[in-house]
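Asks: Got a structure here, written out as structure tokens. Questions coming.
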Amino acid sequence: MSESTDIREKVRQRYAVAATSGSCCAGADCGPVDASLDVDLTAGGYSALELETLPDGAKEVSLGCGNPTAVADLREGEVVLDLGSGGGIDVLLSARRVGPTGFVYGVDMTDEMLEAARRNATDAGVTNVEFIKGYIEDIPLDDATVDVVISNCVINLSADKPAVISEIARVLKPGGRIGISDVVAADSLTPEERAERGSWVGCIAGALSYSEYRHLLEEAGFVDITIQATHQATDGMDSAIINATKPAEQSSG
């Protein structure tokens with residue numbers, strides 16, 4: 001088994017457990033946690049009004065580090081894609097924002113999460129959604145089919161982040177945009193220091209630094225990139241909102 005496949009399988013197992021336990025690391029081999037690090041991935045930023053619209057099942061398996069739907073500026077009639085959709089909380093919130101003329105896809109690799117998400121959509125009475133099994137490094141959608149890509153504390157878990165960013169650019173329509181919540185490391189942290197923090201808390205393993213994140217987005221052709229910290233997750237690592245836009249096609253002549 002390759003290293004990237006091994007990482008993917010460990011993440012899959014962890015989130016399969018989380019689908020029934022409601023905790024990112026419950027029942028998983030996350031290693032010892034140093035209490036002095038004061039890890040905080042719980043500041044999701046969902047309003048009381050948003051939470052009131054969701055079934056309990058969706059709220060119980062919300063494992064994100066922010067609220068990407070709050071900054072993605074979703075508009076009625078748009079097509080949205082949520083990468084690593086988990087129990088479906090951001091898909092359901094997005095579905096209400098884009099309205100009956102819009103549509104939201106959720107992609108997740110974990111059968112248990114997909115089952116929970118579909119159940120939550122039924123409980124919420126939301127029909128303009130579809131949950132698809134797949135990998136965020138190989139998104140099962142056609143080119144240029146999505147207006148907005150969101151994701152909530154998932155890209156940091158991928159072993160091939162350049163592939164994820166490239167796939168986001170591929171599925172976005174020209175002029176499409178991203179609104180992503182993720183864990184981002186300070187540029188001053190060495191890869192060894194980031195790995196050390198990841199071994200303590202698996203939910204933040206493999207986080208990119210601010211400059212690395214920006215570089216990958218620029219390489220994929222994104223513009224208007226902003227990376228804004230929302231709160232500190234642990235020493236040297238922040239929960240952050242990442243926004244960027246895929247340039248619109250230039251008219252010929």
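A note on labels: chains of the structure tokens are A, B, ... as shown, every chain counts residues from 1, and ligands are counted from 1 in their shown order.
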Report as an MDAnalysis selection string all protein, DNA and RNA residues lying within 10 Å of A:Ile242, evaluated on only C-alpha atoms, omitting residues in the same chain fewer than 5 positions from it.
Replies: chainID A and resid 68 71:72 150:151 178:184 210 213:214 217 225:229
Asks: So, with only C-alpha atoms as the atoms that count, which of A:Ala70, A:Ile132, A:Val146, A:Val171 lies closest to A:Phe103?
Replies: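 Comparing A:Ala70, A:Ile132, A:Val146, A:Val171 against A:Phe103, the winner is A:Val146.
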Asks: Using only C-alpha atoms for the distances, tell me which of A:Ala95, A:Met109, A:Met237, A:Leu83 is nearest to A:Ala121.
Replies: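 Nearest to A:Ala121: A:Ala95.
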Asks: Per DSSP on the backbone, filter stretch 125-194 of chain A down to the residues in helix (DSSP H, G or I) and report them as a ChimeraX atom specification.
Replies: /A:155-157,161-171,191-194
Asks: Filtering to C-alpha atoms, could you give me those residues as a PDB file, in the first residue's frame?
Replies:
```
ATOM      1  CA  ILE A 155      -8.422  19.425   2.036  1.00  0.00           C
ATOM      2  CA  ASN A 156      -5.826  19.415   4.834  1.00  0.00           C
ATOM      3  CA  LEU A 157      -6.411  15.648   5.145  1.00  0.00           C
ATOM      4  CA  LYS A 161      -3.343  18.569  -2.340  1.00  0.00           C
ATOM      5  CA  PRO A 162      -2.101  19.736  -5.779  1.00  0.00           C
ATOM      6  CA  ALA A 163      -4.476  17.182  -7.333  1.00  0.00           C
ATOM      7  CA  VAL A 164      -7.363  18.501  -5.223  1.00  0.00           C
ATOM      8  CA  ILE A 165      -6.744  22.115  -6.242  1.00  0.00           C
ATOM      9  CA  SER A 166      -6.348  21.097  -9.903  1.00  0.00           C
ATOM     10  CA  GLU A 167      -9.625  19.178  -9.791  1.00  0.00           C
ATOM     11  CA  ILE A 168     -11.415  22.148  -8.227  1.00  0.00           C
ATOM     12  CA  ALA A 169     -10.210  24.332 -11.099  1.00  0.00           C
ATOM     13  CA  ARG A 170     -11.329  21.715 -13.628  1.00  0.00           C
ATOM     14  CA  VAL A 171     -14.929  21.375 -12.432  1.00  0.00           C
ATOM     15  CA  PRO A 191       7.137  20.279   7.970  1.00  0.00           C
ATOM     16  CA  GLU A 192       8.409  18.301  10.983  1.00  0.00           C
ATOM     17  CA  GLU A 193       6.638  20.627  13.409  1.00  0.00           C
ATOM     18  CA  ARG A 194       3.405  20.357  11.422  1.00  0.00           C
TER      19      ARG A 194
END
```
Asks: Give the answer as one residue: which of A:Ser209, A:Thr234, A:Ser239, A:Thr69 has the shortest atom-to-atom distance to A:Ser188, using only C-alpha atoms?
Replies: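 The shortest atom-to-atom distance to A:Ser188 comes from A:Ser209.
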Asks: Record the distance separating atom CA of A:Val148 and atom CA of A:Ala185, expressed in Å with one decimal.
Replies: 24.6 Å
Asks: Between atom CA of A:Val104 and atom CA of A:Asp82, what is the distance in Å, rounded to a tenth?
Replies: 7.5 Å
Asks: Quick check for you: according to DSSP on this backbone, which residues of stretch 141-170 of chain A are classed as strand (DSSP E or B)? Reply as an MDAnalysis selection string.
Replies: chainID A and resid 146:152
Asks: Convert the current residue selection to file output with N, CA and C atoms, as a PDB file, in the first residue's frame.
Replies:
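Contents of the output file selection-v4.pdb:
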```pdb
ATOM      1  N   VAL A 146     -19.725  23.510 -12.333  1.00  0.00           N
ATOM      2  CA  VAL A 146     -20.031  23.982 -10.988  1.00  0.00           C
ATOM      3  C   VAL A 146     -19.740  25.481 -10.881  1.00  0.00           C
ATOM      4  N   ASP A 147     -20.626  26.211 -10.206  1.00  0.00           N
ATOM      5  CA  ASP A 147     -20.418  27.641  -9.984  1.00  0.00           C
ATOM      6  C   ASP A 147     -19.551  27.918  -8.766  1.00  0.00           C
ATOM      7  N   VAL A 148     -19.722  27.098  -7.728  1.00  0.00           N
ATOM      8  CA  VAL A 148     -19.024  27.335  -6.468  1.00  0.00           C
ATOM      9  C   VAL A 148     -18.574  26.007  -5.872  1.00  0.00           C
ATOM     10  N   VAL A 149     -17.328  25.972  -5.386  1.00  0.00           N
ATOM     11  CA  VAL A 149     -16.837  24.818  -4.631  1.00  0.00           C
ATOM     12  C   VAL A 149     -16.611  25.243  -3.194  1.00  0.00           C
ATOM     13  N   ILE A 150     -17.188  24.476  -2.270  1.00  0.00           N
ATOM     14  CA  ILE A 150     -16.955  24.701  -0.850  1.00  0.00           C
ATOM     15  C   ILE A 150     -16.339  23.440  -0.251  1.00  0.00           C
ATOM     16  N   SER A 151     -15.746  23.574   0.902  1.00  0.00           N
ATOM     17  CA  SER A 151     -15.194  22.431   1.626  1.00  0.00           C
ATOM     18  C   SER A 151     -14.932  22.868   3.051  1.00  0.00           C
ATOM     19  N   ASN A 152     -15.051  21.937   3.974  1.00  0.00           N
ATOM     20  CA  ASN A 152     -14.969  22.290   5.389  1.00  0.00           C
ATOM     21  C   ASN A 152     -13.995  21.370   6.115  1.00  0.00           C
TER      22      ASN A 152
END
```
Asks: Which residue out of A:Gly87, A:Gly134, A:Pro140, A:Pro100 has the minimum interatomic distance to A:Arg119 when only C-alpha atoms are used?
Replies: A:Gly87
Asks: Using only C-alpha atoms, pick whichever of A:Ala144, A:Ala207, A:His215, A:Ala186 has the shortest atom-to-atom distance to A:Lys246.
Replies: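 The closest residue to A:Lys246 is A:Ala144.
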Asks: Excluding A:Leu114 and any residue of its chain fewer than 4 positions from it, enumerate the residues within 7 Å of it, using only C-alpha atoms, and give them as a list in words.
Replies: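 Here the answer would be Gly86, Gly87, Asp108, Thr110, Arg118 and Phe131 of chain A.
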Asks: May I have the selected residues written with N, CA and C atoms, as a PDB file, in the first residue's frame?
Replies:
```pdb
ATOM      1  N   GLY A  86     -19.314  14.834   4.220  1.00  0.00           N
ATOM      2  CA  GLY A  86     -19.614  14.285   5.534  1.00  0.00           C
ATOM      3  C   GLY A  86     -21.097  14.038   5.743  1.00  0.00           C
ATOM      4  N   GLY A  87     -21.608  14.490   6.898  1.00  0.00           N
ATOM      5  CA  GLY A  87     -23.010  14.286   7.225  1.00  0.00           C
ATOM      6  C   GLY A  87     -23.960  15.203   6.500  1.00  0.00           C
ATOM      7  N   ASP A 108     -18.081  12.487  -1.109  1.00  0.00           N
ATOM      8  CA  ASP A 108     -17.421  11.924   0.065  1.00  0.00           C
ATOM      9  C   ASP A 108     -16.993  10.493  -0.268  1.00  0.00           C
ATOM     10  N   THR A 110     -16.616   8.089   2.116  1.00  0.00           N
ATOM     11  CA  THR A 110     -16.965   7.207   3.219  1.00  0.00           C
ATOM     12  C   THR A 110     -18.432   6.790   3.136  1.00  0.00           C
ATOM     13  N   ARG A 118     -27.516  11.261   3.223  1.00  0.00           N
ATOM     14  CA  ARG A 118     -28.771  11.034   2.487  1.00  0.00           C
ATOM     15  C   ARG A 118     -29.954  10.963   3.440  1.00  0.00           C
ATOM     16  N   PHE A 131     -25.685  13.226  -3.178  1.00  0.00           N
ATOM     17  CA  PHE A 131     -24.453  12.814  -2.523  1.00  0.00           C
ATOM     18  C   PHE A 131     -23.811  11.698  -3.333  1.00  0.00           C
TER      19      PHE A 131
END
```
Asks: May I ask which of the residues A:Asp111, A:Asp160, A:Asp90, A:Asp143 is the closest one to A:Val129, counting only C-alpha atoms?
Replies: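 When distances to A:Val129 are compared using only C-alpha atoms, the smallest one comes from A:Asp90.
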